[in-house]
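The structure file my_file-v2.txt is reproduced below (compact mmCIF, C-alpha atoms).
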```
# COMPACT_ATOMS: atom_id res chain seq x y z
CA MET A 1 20.24 2.80 -11.73
CA SER A 2 20.23 0.33 -14.61
CA THR A 3 18.98 1.06 -18.13
CA HIS A 4 16.21 -1.52 -17.60
CA THR A 5 14.96 0.34 -14.53
CA GLU A 6 15.02 3.68 -16.33
CA GLN A 7 13.11 2.22 -19.29
CA LEU A 8 10.46 0.71 -17.02
CA GLN A 9 10.01 3.97 -15.12
CA ALA A 10 9.64 5.87 -18.39
CA ALA A 11 7.07 3.37 -19.65
CA ILE A 12 4.86 3.64 -16.55
CA GLN A 13 5.16 7.42 -16.23
CA PRO A 14 1.96 8.23 -18.21
CA ALA A 15 -0.10 5.93 -15.96
CA ARG A 16 1.55 7.39 -12.89
CA GLU A 17 0.87 10.98 -14.00
CA ARG A 18 -2.76 10.10 -14.75
CA LEU A 19 -3.07 8.70 -11.24
CA LEU A 20 -1.47 11.69 -9.58
CA ALA A 21 -3.85 13.97 -11.49
CA HIS A 22 -6.94 12.08 -10.26
CA SER A 23 -9.84 14.36 -9.35
CA MET A 24 -10.31 12.56 -6.01
CA TYR A 25 -7.47 14.53 -4.43
CA ALA A 26 -9.35 17.80 -4.84
CA GLN A 27 -12.33 16.28 -3.01
CA ILE A 28 -10.37 15.84 0.24
CA GLU A 29 -11.32 18.91 2.25
CA ARG A 30 -12.94 17.86 5.54
CA ILE A 31 -12.40 15.31 8.30
CA GLU A 32 -15.36 13.39 6.87
CA ASP A 33 -13.53 13.15 3.53
CA PHE A 34 -10.47 11.65 5.20
CA GLN A 35 -12.77 9.18 6.96
CA ARG A 36 -14.25 7.99 3.66
CA PHE A 37 -10.76 7.78 2.15
CA MET A 38 -9.25 5.78 5.01
CA GLU A 39 -12.16 3.33 5.23
CA GLN A 40 -11.29 1.99 1.76
CA HIS A 41 -7.56 2.74 1.65
CA ILE A 42 -6.92 0.61 4.77
CA PHE A 43 -7.38 -2.46 2.55
CA ALA A 44 -4.48 -1.29 0.38
CA VAL A 45 -2.39 -0.82 3.53
CA TRP A 46 -3.31 -4.35 4.65
CA ASP A 47 -2.65 -6.15 1.37
CA PHE A 48 0.66 -4.30 1.04
CA MET A 49 1.81 -6.20 4.14
CA SER A 50 0.80 -9.49 2.50
CA LEU A 51 2.76 -8.47 -0.59
CA LEU A 52 5.78 -7.72 1.58
CA LYS A 53 5.57 -11.08 3.37
CA ALA A 54 5.26 -12.87 0.02
CA LEU A 55 8.55 -11.28 -1.01
CA GLN A 56 10.18 -12.23 2.27
CA ARG A 57 8.99 -15.82 1.85
CA GLU A 58 10.46 -16.02 -1.66
CA LEU A 59 13.73 -14.19 -0.97
CA THR A 60 14.68 -15.51 2.47
CA CYS A 61 14.49 -18.78 4.34
CA VAL A 62 11.50 -18.86 6.69
CA GLU A 63 11.65 -22.62 7.24
CA VAL A 64 13.10 -24.71 10.08
CA PRO A 65 15.79 -25.98 9.89
CA TRP A 66 17.24 -22.84 8.31
CA SER A 67 19.56 -22.83 5.32
CA PRO A 68 20.85 -19.89 3.25
CA LYS A 69 18.57 -18.99 0.36
CA GLY A 70 19.05 -16.76 -2.66
CA SER A 71 21.26 -13.70 -2.83
CA PRO A 72 22.59 -12.33 0.49
CA THR A 73 22.22 -8.82 -0.93
CA THR A 74 18.55 -9.32 -1.78
CA ARG A 75 17.94 -10.96 1.61
CA ARG A 76 19.29 -7.86 3.28
CA PHE A 77 17.13 -5.58 1.10
CA ILE A 78 13.88 -7.33 1.97
CA ASN A 79 14.69 -7.78 5.67
CA GLU A 80 15.40 -4.05 6.01
CA ILE A 81 12.02 -3.25 4.49
CA VAL A 82 10.24 -5.81 6.71
CA LEU A 83 11.85 -4.27 9.79
CA GLY A 84 10.55 -0.82 8.87
CA GLU A 85 7.06 -1.85 7.77
CA GLU A 86 6.29 -4.51 10.37
CA SER A 87 7.96 -2.98 13.44
CA ASP A 88 8.37 0.77 13.07
CA GLN A 89 7.83 3.30 15.87
CA ASP A 90 4.88 5.63 16.17
CA LYS A 91 5.16 9.27 17.21
CA ASP A 92 5.36 8.23 20.89
CA GLY A 93 8.06 5.63 20.29
CA LYS A 94 5.69 2.65 20.51
CA VAL A 95 6.67 -0.22 18.21
CA MET A 96 4.01 -1.27 15.70
CA SER A 97 3.49 -2.05 12.03
CA HIS A 98 2.43 0.66 9.61
CA PHE A 99 -0.89 -1.18 9.30
CA GLU A 100 -1.49 -0.89 13.05
CA MET A 101 -0.34 2.73 12.94
CA TYR A 102 -2.93 3.44 10.24
CA LEU A 103 -5.65 1.69 12.23
CA GLU A 104 -4.92 3.87 15.26
CA ALA A 105 -5.11 6.95 13.04
CA MET A 106 -8.48 5.75 11.73
CA GLN A 107 -9.82 5.28 15.24
CA GLN A 108 -8.61 8.72 16.30
CA ILE A 109 -10.17 10.45 13.31
CA GLY A 110 -13.47 8.58 13.64
CA ALA A 111 -13.27 6.36 10.54
CA ASP A 112 -15.09 3.01 10.52
CA THR A 113 -12.63 0.17 11.18
CA MET A 114 -15.25 -2.59 11.37
CA PRO A 115 -14.83 -3.91 7.78
CA ILE A 116 -11.05 -4.36 8.00
CA HIS A 117 -11.39 -6.00 11.44
CA GLN A 118 -14.05 -8.30 9.98
CA LEU A 119 -11.68 -9.27 7.18
CA THR A 120 -8.77 -10.20 9.46
CA GLU A 121 -11.11 -11.98 11.89
CA TRP A 122 -12.84 -14.02 9.20
CA LEU A 123 -9.49 -15.02 7.70
CA SER A 124 -8.28 -16.16 11.12
CA TYR A 125 -11.41 -18.34 11.38
CA GLY A 126 -10.55 -20.07 8.11
CA LYS A 127 -12.64 -18.24 5.53
CA THR A 128 -10.99 -17.83 2.17
CA LEU A 129 -10.05 -14.34 1.04
CA ASP A 130 -12.63 -14.50 -1.77
CA GLU A 131 -15.39 -15.48 0.69
CA ALA A 132 -14.44 -12.67 3.08
CA LEU A 133 -14.19 -10.02 0.37
CA TYR A 134 -17.56 -11.03 -1.07
CA GLN A 135 -19.29 -10.62 2.29
CA LEU A 136 -17.70 -7.30 3.26
CA GLU A 137 -19.59 -4.05 2.74
CA ILE A 138 -16.84 -2.26 0.82
CA ASN A 139 -16.50 -0.74 -2.65
CA GLU A 140 -16.27 -3.14 -5.57
CA GLU A 141 -13.16 -1.22 -6.66
CA THR A 142 -11.58 -2.01 -3.29
CA ARG A 143 -12.37 -5.71 -3.68
CA GLU A 144 -10.83 -5.74 -7.16
CA PHE A 145 -7.74 -3.95 -5.91
CA VAL A 146 -7.13 -6.60 -3.23
CA ARG A 147 -7.94 -9.46 -5.60
CA PHE A 148 -5.39 -8.18 -8.09
CA THR A 149 -2.71 -8.03 -5.40
CA PHE A 150 -3.33 -11.64 -4.41
CA ASP A 151 -3.53 -12.81 -8.03
CA VAL A 152 0.02 -11.54 -8.46
CA ILE A 153 1.12 -13.09 -5.16
CA HIS A 154 -0.41 -16.46 -6.11
CA SER A 155 1.30 -16.39 -9.50
CA GLY A 156 4.49 -17.26 -7.62
CA GLN A 157 6.50 -15.25 -10.14
CA LEU A 158 8.98 -13.33 -8.06
CA HIS A 159 9.73 -10.59 -10.58
CA LYS A 160 6.03 -9.76 -10.88
CA ILE A 161 5.54 -9.66 -7.10
CA ALA A 162 8.60 -7.41 -6.75
CA ALA A 163 7.38 -5.14 -9.56
CA LEU A 164 3.98 -4.71 -7.96
CA PHE A 165 5.67 -3.89 -4.67
CA THR A 166 8.23 -1.49 -6.14
CA PHE A 167 6.42 0.34 -8.93
CA GLY A 168 2.74 -0.23 -8.20
CA ARG A 169 2.67 0.37 -4.48
CA GLU A 170 5.09 3.16 -3.71
CA ASP A 171 3.58 6.11 -1.91
CA LEU A 172 1.15 7.78 -4.29
CA ILE A 173 -0.52 10.05 -1.75
CA PRO A 174 0.71 13.57 -2.60
CA ASP A 175 2.14 16.08 -0.16
CA MET A 176 -1.04 18.16 -0.37
CA PHE A 177 -2.73 15.71 2.04
CA ILE A 178 -0.15 16.71 4.61
CA GLU A 179 -0.70 20.39 3.89
CA ILE A 180 -4.48 19.99 4.32
CA LEU A 181 -3.95 18.21 7.65
CA ARG A 182 -1.51 20.85 8.89
CA GLU A 183 -4.02 23.55 8.03
CA MET A 184 -6.71 21.67 9.94
CA GLN A 185 -4.33 21.31 12.87
CA GLY A 186 -3.70 25.05 12.79
CA GLN A 187 -7.46 25.57 13.08
CA GLY A 188 -7.51 23.62 16.32
CA GLN A 189 -8.34 20.14 14.96
CA SER A 190 -6.76 17.80 17.52
CA ASN A 191 -7.73 14.33 16.30
CA ILE A 192 -5.49 14.17 13.23
CA ASP A 193 -1.97 14.04 14.65
CA LYS A 194 -1.68 10.25 14.20
CA LEU A 195 -2.72 10.42 10.56
CA LEU A 196 -0.37 13.33 9.96
CA TYR A 197 2.50 11.39 11.53
CA TYR A 198 1.66 8.28 9.50
CA LEU A 199 1.76 10.21 6.22
CA GLU A 200 4.95 12.07 7.09
CA ARG A 201 6.64 8.88 8.30
CA HIS A 202 5.55 6.86 5.29
CA ILE A 203 6.80 9.44 2.82
CA GLU A 204 10.08 9.74 4.71
CA VAL A 205 10.68 5.99 4.86
CA ASP A 206 9.65 5.32 1.26
CA GLY A 207 11.68 8.18 -0.18
CA ASP A 208 14.84 7.81 1.87
CA ASP A 209 15.04 4.06 2.40
CA HIS A 210 12.47 1.69 0.96
CA GLY A 211 12.22 3.25 -2.51
CA PRO A 212 15.96 3.04 -3.32
CA ILE A 213 16.20 -0.42 -1.69
CA SER A 214 13.25 -1.69 -3.76
CA LEU A 215 14.88 -0.53 -7.00
CA LYS A 216 18.07 -2.40 -6.14
CA MET A 217 16.00 -5.47 -5.28
CA MET A 218 14.29 -5.32 -8.69
CA GLU A 219 17.65 -5.16 -10.45
CA GLU A 220 18.89 -8.15 -8.46
CA ILE A 221 15.77 -10.19 -9.30
CA CYS A 222 15.39 -9.31 -13.00
CA GLY A 223 19.05 -8.89 -13.92
CA THR A 224 19.37 -8.68 -17.70
CA ASP A 225 16.35 -10.88 -18.47
CA ALA A 226 14.36 -8.79 -20.99
CA THR A 227 11.23 -10.93 -20.60
CA LYS A 228 11.15 -10.41 -16.85
CA TRP A 229 11.51 -6.65 -17.28
CA GLN A 230 8.68 -6.58 -19.85
CA GLU A 231 6.39 -8.58 -17.57
CA ALA A 232 7.34 -6.38 -14.64
CA GLN A 233 6.37 -3.33 -16.69
CA ALA A 234 2.98 -4.82 -17.59
CA VAL A 235 2.20 -5.65 -13.95
CA SER A 236 3.24 -2.16 -12.84
CA ILE A 237 0.97 -0.42 -15.35
CA LEU A 238 -1.97 -2.64 -14.42
CA ALA A 239 -1.31 -1.95 -10.72
CA LEU A 240 -1.49 1.80 -11.33
CA GLU A 241 -4.76 1.32 -13.21
CA LYS A 242 -6.19 -0.68 -10.29
CA ARG A 243 -5.17 2.16 -7.97
CA PHE A 244 -6.92 4.65 -10.28
CA GLN A 245 -10.10 2.58 -10.04
CA LEU A 246 -9.73 2.43 -6.25
CA TRP A 247 -9.57 6.24 -6.21
CA ASN A 248 -12.73 6.32 -8.42
CA GLY A 249 -14.64 4.39 -5.80
CA ILE A 250 -13.39 6.56 -2.94
CA GLU A 251 -14.24 9.74 -4.84
CA ALA A 252 -17.81 8.49 -5.30
CA ASN A 253 -18.05 7.84 -1.53
CA ILE A 254 -16.80 11.34 -0.72
CA GLN A 255 -19.21 12.97 -3.16
CA GLN A 256 -22.10 10.95 -1.76
CA SER A 257 -21.27 11.99 1.81
CA LYS A 258 -21.16 15.65 0.75
CA ASN A 259 -24.54 15.39 -0.92
```

Encoded form using structure tokens:
Amino acid sequence: MSTHTEQLQAAIQPARERLLAHSMYAQIERIEDFQRFMEQHIFAVWDFMSLLKALQRELTCVEVPWSPKGSPTTRRFINEIVLGEESDQDKDGKVMSHFEMYLEAMQQIGADTMPIHQLTEWLSYGKTLDEALYQLEINEETREFVRFTFDVIHSGQLHKIAALFTFGREDLIPDMFIEILREMQGQGQSNIDKLLYYLERHIEVDGDDHGPISLKMMEEICGTDATKWQEAQAVSILALEKRFQLWNGIEANIQQSKN
């Protein structure tokens, strides 16, 4: 790991620790709490895929006729991540994206998938993202989270997109979610196995494969350019703050449902 990477990780650590200490986590106790969580978090799962495809577009050739583009090493990094995120296998061996896997888990657990289906449908009909987000009945914090992601994508600045992907979007759902689900399963709850698999699979893939690959990709993209590393740091900190605000909105939903 390069000195630049270590310095960036040290700089974002306070924001990361603040996020991991968010009071929302302690609110997740019942199936209904997971429902409220997933109904907003699905938008972060969806826009992550757009972030990934933006990186693939910038780092590889997706045009016809094809010609080699960029660094072969970086091309390999991003294509490996795309393979895992866009065409992984679920617990039954069925090939699907992590987004589709999450949707199936939502349906099994009884969470409302209508808003995210409305978003993808409206976009396919030609509505702009801003128009679709404005019309959806979702938290304002969720809208702002997605808008921030696409602001970074539309900046066209590769190092910022890669920073958001690597440092702002790694798995920030702690292991205690898995422990809560396992406890529920032990009590005879049968409609959570897809969510449990998703969480276990995502943590496994991010920790063992995608996390280390993403760090190498960042080092390839930023090199020794101090300005790029500084801007990457700023984007990463802001991304963690947007995630904190997303959690604020979800916590309010959970508290409202309990009341």

Can you tell me, as a count of residues only, what residues are no more than 7 Å from Gln40 in chain A when counting only C-alpha atoms, ignoring any on the same chain fewer than 3 positions away?
-> 5

With distances taken over only C-alpha atoms, the candidate from A:Asp151, A:Glu104, A:Asp90, A:Glu39 nearest Ile138 in chain A is A:Glu39

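In this comparison, which uses all atoms listed in the file, the residue of A:Leu238, A:Ala252, A:Met106, A:Met24 approaching Phe145 in chain A most closely is A:Leu238.
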
Between CA of Glu85 in chain A and CA of Ser236 in chain A, what is the distance, to one decimal in Å?
-> 21.0 Å

Test item: which residues lie within 12 Å of (-10.8, 9.3, 5.3) counting all atoms listed in the file, as a ChimeraX atom specification | /A:24-25,27-42,102-103,105-113,177,181,192,195,247,250-251,253-254,257

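Take the candidates A:Leu133, A:Asp88, A:Asp225, A:Met217 and check each one against Ser71 in chain A using all atoms listed in the file; the shortest distance goes to A:Met217.
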